[in-house]
Amino acid sequence: MPRAVVRTEAIGPFTLFVNEGHGWRYYARPTPGTTVFTAADVEAVRARQRALSQPEEIEWVLERAPGVGHAVEAGGMRWRAHPLMHLPREAFTSADAPADVELTLMPPHGDLAVTSAVASVAFAAGGTSVGIRDDAAVDAAVDAADPETMASYRERLAEGFTVMAVAHLGSDAVAVGSYQPSEGIAEITGIATLPAFRRRGIGGALTTFLARDAFSRGVGTVFLSADDDEVARVYGRLGFVRIGSAGAAEPSGR
């Protein structure tokens with residue numbers, strides 16, 4: 001999916017996906033088939049990312065590239081393993097939204113500044129713990145939304161590179177999520193619920209809504225990476241099973 005909106009550079013055993021426009025800044029990833037990774041390789045990637053004003057981040061599947069973890073550590077990065085999960089269609093168990101919550105697909109002409117703000121505020125308070133309602137933080141994030149970035153998101157929705165859903169409680173957007181479809185495969189990403197509305201089943205219902213929509217469009221493989229084991233248990237109740245681990249590395253000073 002990144003190749004639709006970026007160019008690539010080969011740096012040793014890694015491929016760097018470079019987005020010099022607006023929208024998501026992608027990571028570097030091991031080039032398929034490579035097996036040897038060194039601290040020098042990691043340092044070369046990071047130097048190039050800095051030169052291009054890209055995030056110094058590397059992502060990989062541990063089972064496919066087990067040597068990356070040691071290399072990123074030696075290259076001055078820290079990393080975490082996230083549960084990589086697949087949803088067998090026959091195991092799919094639906095979770096209904098609370099009666100007062102409405103789930104809808106986001107059209108390209110929708111208010112993407114609001115959904116982007118909900119995601120930003122929700123991910124700033126990670127995990128599944130319930131928190132206070134902070135409308136001011138959401139409003140500030142809406143005001144900070146970059147029009148050109150919103151335009152790039154709008155284009156992705158219009159072209160079908162992204163399918164987004166939003167959960168509303170009354171007139172307020174309280175959760176958002178997406179999936180990225182490509183050739184019969186879809187990755188569910190960015191499931192985010194505002195802290196004040198957690199532990200109500202909204203995230204599970206939103207994931208159900210997206211998975212059901214993906215299957216209805218002919219997608220055969222649905223997968224995601226969970227933040228941690230606690231979040232993975234939420235997805236497990238929907239039928240997702242862990243098939244591996246996704247590694248994500250960033251500079252140690254963060």
# chains A, B, ... in the order shown; residues from 1 in each chain; ligands from 1

call {"tool": "residues_around", "arguments": {"residues": "Ala40 (chain A)", "least_positions_apart": "4", "cutoff": "9 Å", "atoms": "only C-alpha atoms", "output": "PyMOL selection string"}}
result
chain A and resi 44-45+71+74-75

call {"tool": "write_last_selection", "arguments": {"atoms": "C-alpha atoms", "output": "JSON list (two decimals), in the first residue's frame"}}
result
[["chain", "number", "residue", "atom", "x", "y", "z"],
["A", 44, "ALA", "CA", 22.71, 4.42, 7.24],
["A", 45, "VAL", "CA", 18.92, 4.21, 7.19],
["A", 71, "ALA", "CA", 20.74, -4.59, 14.62],
["A", 74, "ALA", "CA", 23.19, -1.92, 18.22],
["A", 75, "GLY", "CA", 22.27, 1.05, 16.03]]

call {"tool": "select_by_dssp", "arguments": {"residues": "region 37-199 of chain A", "states": "helix (DSSP H, G or I)", "output": "VMD selection string"}}
result
chain A and resid 39 to 51 68 to 74 89 to 91 112 to 124 135 to 144 147 to 159 195 to 197

call {"tool": "closest_residue", "arguments": {"among": "A:Arg50, A:His70, A:Arg156, A:His168", "to": "Val118 (chain A)", "atoms": "only C-alpha atoms"}}
result
A:His168

call {"tool": "residues_around", "arguments": {"residues": "Arg46 (chain A)", "least_positions_apart": "2", "cutoff": "10 Å", "atoms": "only C-alpha atoms", "output": "ChimeraX atom specification"}}
result
/A:16,28,40-44,48-52,54-58,75-77,250-251

call {"tool": "write_last_selection", "arguments": {"atoms": "N, CA and C atoms", "output": "CSV table (one decimal), in the first residue's frame"}}
result
chain,number,residue,atom,x,y,z
A,16,LEU,N,13.5,1.9,2.1
A,16,LEU,CA,13.0,3.1,2.7
A,16,LEU,C,11.8,3.6,1.9
A,28,ALA,N,11.1,2.6,7.4
A,28,ALA,CA,11.9,1.7,6.6
A,28,ALA,C,11.5,0.2,7.0
A,40,ALA,N,25.6,-0.8,11.3
A,40,ALA,CA,25.9,0.1,10.2
A,40,ALA,C,24.8,0.3,9.2
A,41,ASP,N,24.1,-0.8,8.9
A,41,ASP,CA,22.9,-0.7,8.0
A,41,ASP,C,21.8,0.2,8.7
A,42,VAL,N,21.6,0.0,9.9
A,42,VAL,CA,20.6,0.8,10.6
A,42,VAL,C,21.0,2.3,10.7
A,43,GLU,N,22.3,2.5,11.0
A,43,GLU,CA,22.7,3.9,11.0
A,43,GLU,C,22.6,4.6,9.7
A,44,ALA,N,22.9,3.8,8.6
A,44,ALA,CA,22.7,4.4,7.2
A,44,ALA,C,21.3,4.8,7.0
A,48,ARG,N,19.8,8.7,6.4
A,48,ARG,CA,19.0,9.1,5.2
A,48,ARG,C,17.6,9.6,5.6
A,49,GLN,N,17.0,9.0,6.6
A,49,GLN,CA,15.7,9.5,7.1
A,49,GLN,C,15.9,10.9,7.6
A,50,ARG,N,16.9,11.2,8.4
A,50,ARG,CA,17.1,12.5,8.9
A,50,ARG,C,17.3,13.5,7.7
A,51,ALA,N,18.1,13.1,6.7
A,51,ALA,CA,18.3,14.0,5.6
A,51,ALA,C,17.1,14.3,4.8
A,52,LEU,N,16.1,13.4,4.8
A,52,LEU,CA,14.9,13.6,4.1
A,52,LEU,C,13.7,14.1,5.0
A,54,GLN,N,12.3,12.5,7.3
A,54,GLN,CA,11.4,11.4,7.6
A,54,GLN,C,11.6,10.9,9.0
A,55,PRO,N,10.6,10.3,9.6
A,55,PRO,CA,10.8,9.7,10.9
A,55,PRO,C,11.9,8.6,10.9
A,56,GLU,N,12.7,8.6,12.0
A,56,GLU,CA,13.7,7.6,12.2
A,56,GLU,C,13.0,6.4,12.8
A,57,GLU,N,12.4,5.6,11.9
A,57,GLU,CA,11.6,4.4,12.4
A,57,GLU,C,11.8,3.3,11.4
A,58,ILE,N,11.8,2.1,12.0
A,58,ILE,CA,12.0,0.8,11.2
A,58,ILE,C,10.9,-0.1,11.7
A,75,GLY,N,22.3,-0.2,16.7
A,75,GLY,CA,22.3,1.0,16.0
A,75,GLY,C,21.7,2.2,16.8
A,76,GLY,N,21.5,2.0,18.1
A,76,GLY,CA,21.0,3.1,19.0
A,76,GLY,C,19.5,3.3,19.0
A,77,MET,N,18.7,2.2,18.7
A,77,MET,CA,17.3,2.4,18.7
A,77,MET,C,16.7,1.4,19.8
A,250,GLU,N,12.3,2.9,17.2
A,250,GLU,CA,12.5,4.3,17.1
A,250,GLU,C,13.7,4.7,17.9
A,251,PRO,N,14.2,6.0,17.8
A,251,PRO,CA,15.4,6.4,18.5
A,251,PRO,C,15.2,6.2,20.0

call {"tool": "closest_residue", "arguments": {"among": "A:Ala137, A:Ala39, A:Leu62, A:Ala214", "to": "Arg89 (chain A)", "atoms": "only C-alpha atoms"}}
result
A:Ala214

call {"tool": "closest_atom_pairs", "arguments": {"of": "region 134-204 of chain A", "to": "region 4-10 of chain A", "cutoff": "12 Å", "atoms": "only C-alpha atoms", "output": "CSV"}}
result
residue,atom,partner,partner_atom,distance
A:Ser152,CA,A:Val5,CA,9.7
A:Tyr153,CA,A:Val5,CA,11.2
A:Glu155,CA,A:Val5,CA,10.8
A:Arg156,CA,A:Val5,CA,9.3
A:Glu159,CA,A:Ala4,CA,10.7
A:Gly160,CA,A:Ala4,CA,11.3
A:Phe161,CA,A:Ala4,CA,8.4
A:Thr162,CA,A:Ala4,CA,11.5
A:Gln180,CA,A:Ala4,CA,11.6
A:Ser182,CA,A:Ala4,CA,10.5

call {"tool": "write_last_selection", "arguments": {"atoms": "N, CA and C atoms", "output": "PDB file, in the first residue's frame"}}
result
ATOM      1  N   SER A 152      -5.027  15.104   1.234  1.00  0.00           N
ATOM      2  CA  SER A 152      -4.418  13.828   0.838  1.00  0.00           C
ATOM      3  C   SER A 152      -5.215  12.660   1.392  1.00  0.00           C
ATOM      4  N   TYR A 153      -5.724  12.791   2.626  1.00  0.00           N
ATOM      5  CA  TYR A 153      -6.576  11.740   3.193  1.00  0.00           C
ATOM      6  C   TYR A 153      -7.866  11.613   2.381  1.00  0.00           C
ATOM      7  N   GLU A 155      -8.294  12.243  -0.719  1.00  0.00           N
ATOM      8  CA  GLU A 155      -7.983  11.589  -1.986  1.00  0.00           C
ATOM      9  C   GLU A 155      -7.865  10.083  -1.801  1.00  0.00           C
ATOM     10  N   ARG A 156      -7.258   9.641  -0.695  1.00  0.00           N
ATOM     11  CA  ARG A 156      -7.129   8.200  -0.437  1.00  0.00           C
ATOM     12  C   ARG A 156      -8.502   7.551  -0.284  1.00  0.00           C
ATOM     13  N   GLU A 159     -10.191   7.294  -3.713  1.00  0.00           N
ATOM     14  CA  GLU A 159      -9.596   6.303  -4.603  1.00  0.00           C
ATOM     15  C   GLU A 159      -9.675   4.885  -4.048  1.00  0.00           C
ATOM     16  N   GLY A 160     -10.167   4.738  -2.812  1.00  0.00           N
ATOM     17  CA  GLY A 160     -10.333   3.411  -2.233  1.00  0.00           C
ATOM     18  C   GLY A 160      -9.090   2.839  -1.591  1.00  0.00           C
ATOM     19  N   PHE A 161      -8.039   3.639  -1.433  1.00  0.00           N
ATOM     20  CA  PHE A 161      -6.846   3.158  -0.740  1.00  0.00           C
ATOM     21  C   PHE A 161      -7.099   3.007   0.758  1.00  0.00           C
ATOM     22  N   THR A 162      -8.054   3.764   1.279  1.00  0.00           N
ATOM     23  CA  THR A 162      -8.423   3.705   2.687  1.00  0.00           C
ATOM     24  C   THR A 162      -9.935   3.684   2.799  1.00  0.00           C
ATOM     25  N   GLN A 180      -7.036  -0.713   5.140  1.00  0.00           N
ATOM     26  CA  GLN A 180      -6.371  -0.444   3.864  1.00  0.00           C
ATOM     27  C   GLN A 180      -6.494  -1.708   3.010  1.00  0.00           C
ATOM     28  N   SER A 182      -6.080  -4.130  -0.350  1.00  0.00           N
ATOM     29  CA  SER A 182      -5.207  -4.288  -1.515  1.00  0.00           C
ATOM     30  C   SER A 182      -5.199  -5.740  -1.950  1.00  0.00           C
TER      31      SER A 182
END

call {"tool": "residues_around", "arguments": {"residues": "Val36 (chain A)", "least_positions_apart": "6", "cutoff": "10 Å", "atoms": "only C-alpha atoms", "output": "list in words"}}
result
Gly12, Pro13, Pro30, Ala65, Pro66, Gly67, Val68 and Ala71 of chain A

call {"tool": "write_last_selection", "arguments": {"atoms": "N, CA and C atoms", "output": "compact mmCIF listing (two decimals), in the first residue's frame"}}
result
# COMPACT_ATOMS: atom_id res chain seq x y z
N GLY A 12 21.18 -0.67 1.82
CA GLY A 12 21.63 -1.95 2.33
C GLY A 12 20.51 -2.96 2.26
N PRO A 13 20.22 -3.68 3.36
CA PRO A 13 19.16 -4.69 3.34
C PRO A 13 17.77 -4.11 3.60
N PRO A 30 12.68 -4.15 6.19
CA PRO A 30 13.62 -5.07 5.54
C PRO A 30 13.15 -5.41 4.13
N ALA A 65 12.16 -11.66 9.71
CA ALA A 65 13.47 -10.99 9.74
C ALA A 65 13.97 -10.92 11.18
N PRO A 66 14.32 -12.07 11.76
CA PRO A 66 14.66 -12.12 13.19
C PRO A 66 15.93 -11.35 13.55
N GLY A 67 16.79 -11.05 12.61
CA GLY A 67 18.03 -10.36 12.93
C GLY A 67 17.90 -8.87 13.09
N VAL A 68 16.74 -8.30 12.74
CA VAL A 68 16.60 -6.85 12.79
C VAL A 68 16.65 -6.32 14.21
N ALA A 71 20.11 -5.66 15.40
CA ALA A 71 20.74 -4.59 14.62
C ALA A 71 20.23 -3.22 15.06

call {"tool": "closest_residue", "arguments": {"among": "A:Ser252, A:Gly33, A:Val176, A:Thr93", "to": "Arg237 (chain A)", "atoms": "only C-alpha atoms"}}
result
A:Thr93

call {"tool": "closest_atom_pairs", "arguments": {"of": "region 161-192 of chain A", "to": "region 101-110 of chain A", "cutoff": "7 Å", "atoms": "only C-alpha atoms", "output": "CSV"}}
result
residue,atom,partner,partner_atom,distance
A:Met164,CA,A:Met106,CA,5.4
A:Ala165,CA,A:Leu105,CA,4.3
A:Val166,CA,A:Thr104,CA,5.7
A:Ala167,CA,A:Leu103,CA,4.6
A:His168,CA,A:Glu102,CA,5.2
A:Leu169,CA,A:Val101,CA,4.9

call {"tool": "write_last_selection", "arguments": {"atoms": "N, CA and C atoms", "output": "PDB file, in the first residue's frame"}}
result
ATOM      1  N   MET A 164     -12.608   4.283   5.909  1.00  0.00           N
ATOM      2  CA  MET A 164     -12.637   4.789   7.283  1.00  0.00           C
ATOM      3  C   MET A 164     -14.046   4.702   7.853  1.00  0.00           C
ATOM      4  N   ALA A 165     -14.113   4.399   9.151  1.00  0.00           N
ATOM      5  CA  ALA A 165     -15.389   4.385   9.853  1.00  0.00           C
ATOM      6  C   ALA A 165     -15.261   5.237  11.103  1.00  0.00           C
ATOM      7  N   VAL A 166     -16.398   5.813  11.511  1.00  0.00           N
ATOM      8  CA  VAL A 166     -16.406   6.672  12.682  1.00  0.00           C
ATOM      9  C   VAL A 166     -17.582   6.304  13.566  1.00  0.00           C
ATOM     10  N   ALA A 167     -17.388   6.385  14.871  1.00  0.00           N
ATOM     11  CA  ALA A 167     -18.447   6.138  15.843  1.00  0.00           C
ATOM     12  C   ALA A 167     -18.905   7.466  16.421  1.00  0.00           C
ATOM     13  N   HIS A 168     -20.204   7.717  16.354  1.00  0.00           N
ATOM     14  CA  HIS A 168     -20.788   8.950  16.887  1.00  0.00           C
ATOM     15  C   HIS A 168     -21.671   8.642  18.096  1.00  0.00           C
ATOM     16  N   LEU A 169     -21.537   9.455  19.106  1.00  0.00           N
ATOM     17  CA  LEU A 169     -22.454   9.464  20.236  1.00  0.00           C
ATOM     18  C   LEU A 169     -23.187  10.792  20.151  1.00  0.00           C
TER      19      LEU A 169
END

call {"tool": "closest_residue", "arguments": {"among": "A:Ala186, A:Val72, A:Asp172, A:Pro195", "to": "Gly127 (chain A)", "atoms": "only C-alpha atoms"}}
result
A:Pro195

call {"tool": "residues_around", "arguments": {"residues": "Val231 (chain A)", "least_positions_apart": "5", "cutoff": "9 Å", "atoms": "only C-alpha atoms", "output": "VMD selection string"}}
result
chain A and resid 127 to 128 226 236

call {"tool": "write_last_selection", "arguments": {"atoms": "C-alpha atoms", "output": "CSV table (one decimal), in the first residue's frame"}}
result
chain,number,residue,atom,x,y,z
A,127,GLY,CA,-4.0,1.9,26.2
A,128,THR,CA,-7.5,1.0,27.2
A,226,ALA,CA,-2.3,-4.7,18.3
A,236,GLY,CA,-9.2,-11.9,20.4

call {"tool": "closest_residue", "arguments": {"among": "A:Arg80, A:Ser116, A:Thr35, A:Leu87", "to": "Arg64 (chain A)", "atoms": "only C-alpha atoms"}}
result
A:Thr35

call {"tool": "residues_around", "arguments": {"residues": "Ala119 (chain A)", "least_positions_apart": "6", "cutoff": "12 Å", "atoms": "only C-alpha atoms", "output": "number ranges by chain"}}
result
A: 112-113, 125-126, 137-138, 141-142, 145, 164-167, 173-178, 189-195

call {"tool": "write_last_selection", "arguments": {"atoms": "C-alpha atoms", "output": "short mmCIF file (atom, residue, chain, number, x, y, z; two decimals), in the first residue's frame"}}
result
data_model
loop_
_atom_site.label_atom_id
_atom_site.label_comp_id
_atom_site.auth_asym_id
_atom_site.auth_seq_id
_atom_site.Cartn_x
_atom_site.Cartn_y
_atom_site.Cartn_z
CA LEU A 112 -11.68 14.57 8.29
CA ALA A 113 -10.24 17.23 10.58
CA ALA A 125 -3.49 8.63 25.80
CA GLY A 126 -2.62 5.08 24.79
CA ALA A 137 -7.95 18.92 23.30
CA VAL A 138 -10.10 17.68 20.42
CA ALA A 141 -6.39 19.23 17.31
CA VAL A 142 -9.11 20.19 14.82
CA ALA A 145 -5.24 20.08 11.17
CA MET A 164 -12.64 4.79 7.28
CA ALA A 165 -15.39 4.39 9.85
CA VAL A 166 -16.41 6.67 12.68
CA ALA A 167 -18.45 6.14 15.84
CA ALA A 173 -17.33 11.66 17.03
CA VAL A 174 -15.88 9.47 19.81
CA ALA A 175 -13.93 6.79 17.93
CA VAL A 176 -12.43 6.20 14.52
CA GLY A 177 -10.73 3.41 12.60
CA SER A 178 -9.75 2.38 9.06
CA THR A 189 -5.42 0.29 11.39
CA GLY A 190 -5.85 3.21 13.74
CA ILE A 191 -8.68 1.97 15.96
CA ALA A 192 -8.86 4.86 18.41
CA THR A 193 -11.46 5.67 21.08
CA LEU A 194 -11.40 8.87 23.11
CA PRO A 195 -10.46 8.05 26.72
#

call {"tool": "closest_atom_pairs", "arguments": {"of": "region 80-106 of chain A", "to": "region 244-249 of chain A", "cutoff": "7 Å", "atoms": "only C-alpha atoms", "output": "tab-separated table"}}
result
residue	atom	partner	partner_atom	distance
A:Arg80	CA	A:Ala248	CA	5.6
A:Ala81	CA	A:Gly247	CA	4.5
A:His82	CA	A:Ala246	CA	5.0
A:Pro83	CA	A:Ser245	CA	4.8
A:Leu84	CA	A:Ser245	CA	4.8

call {"tool": "closest_residue", "arguments": {"among": "A:Met85, A:Trp24, A:Arg29, A:Gly170", "to": "Asp229 (chain A)", "atoms": "only C-alpha atoms"}}
result
A:Met85

call {"tool": "atom_distance", "arguments": {"atom1": "CA of Gly253 (chain A)", "atom2": "CA of Ala47 (chain A)"}}
result
15.6 Å
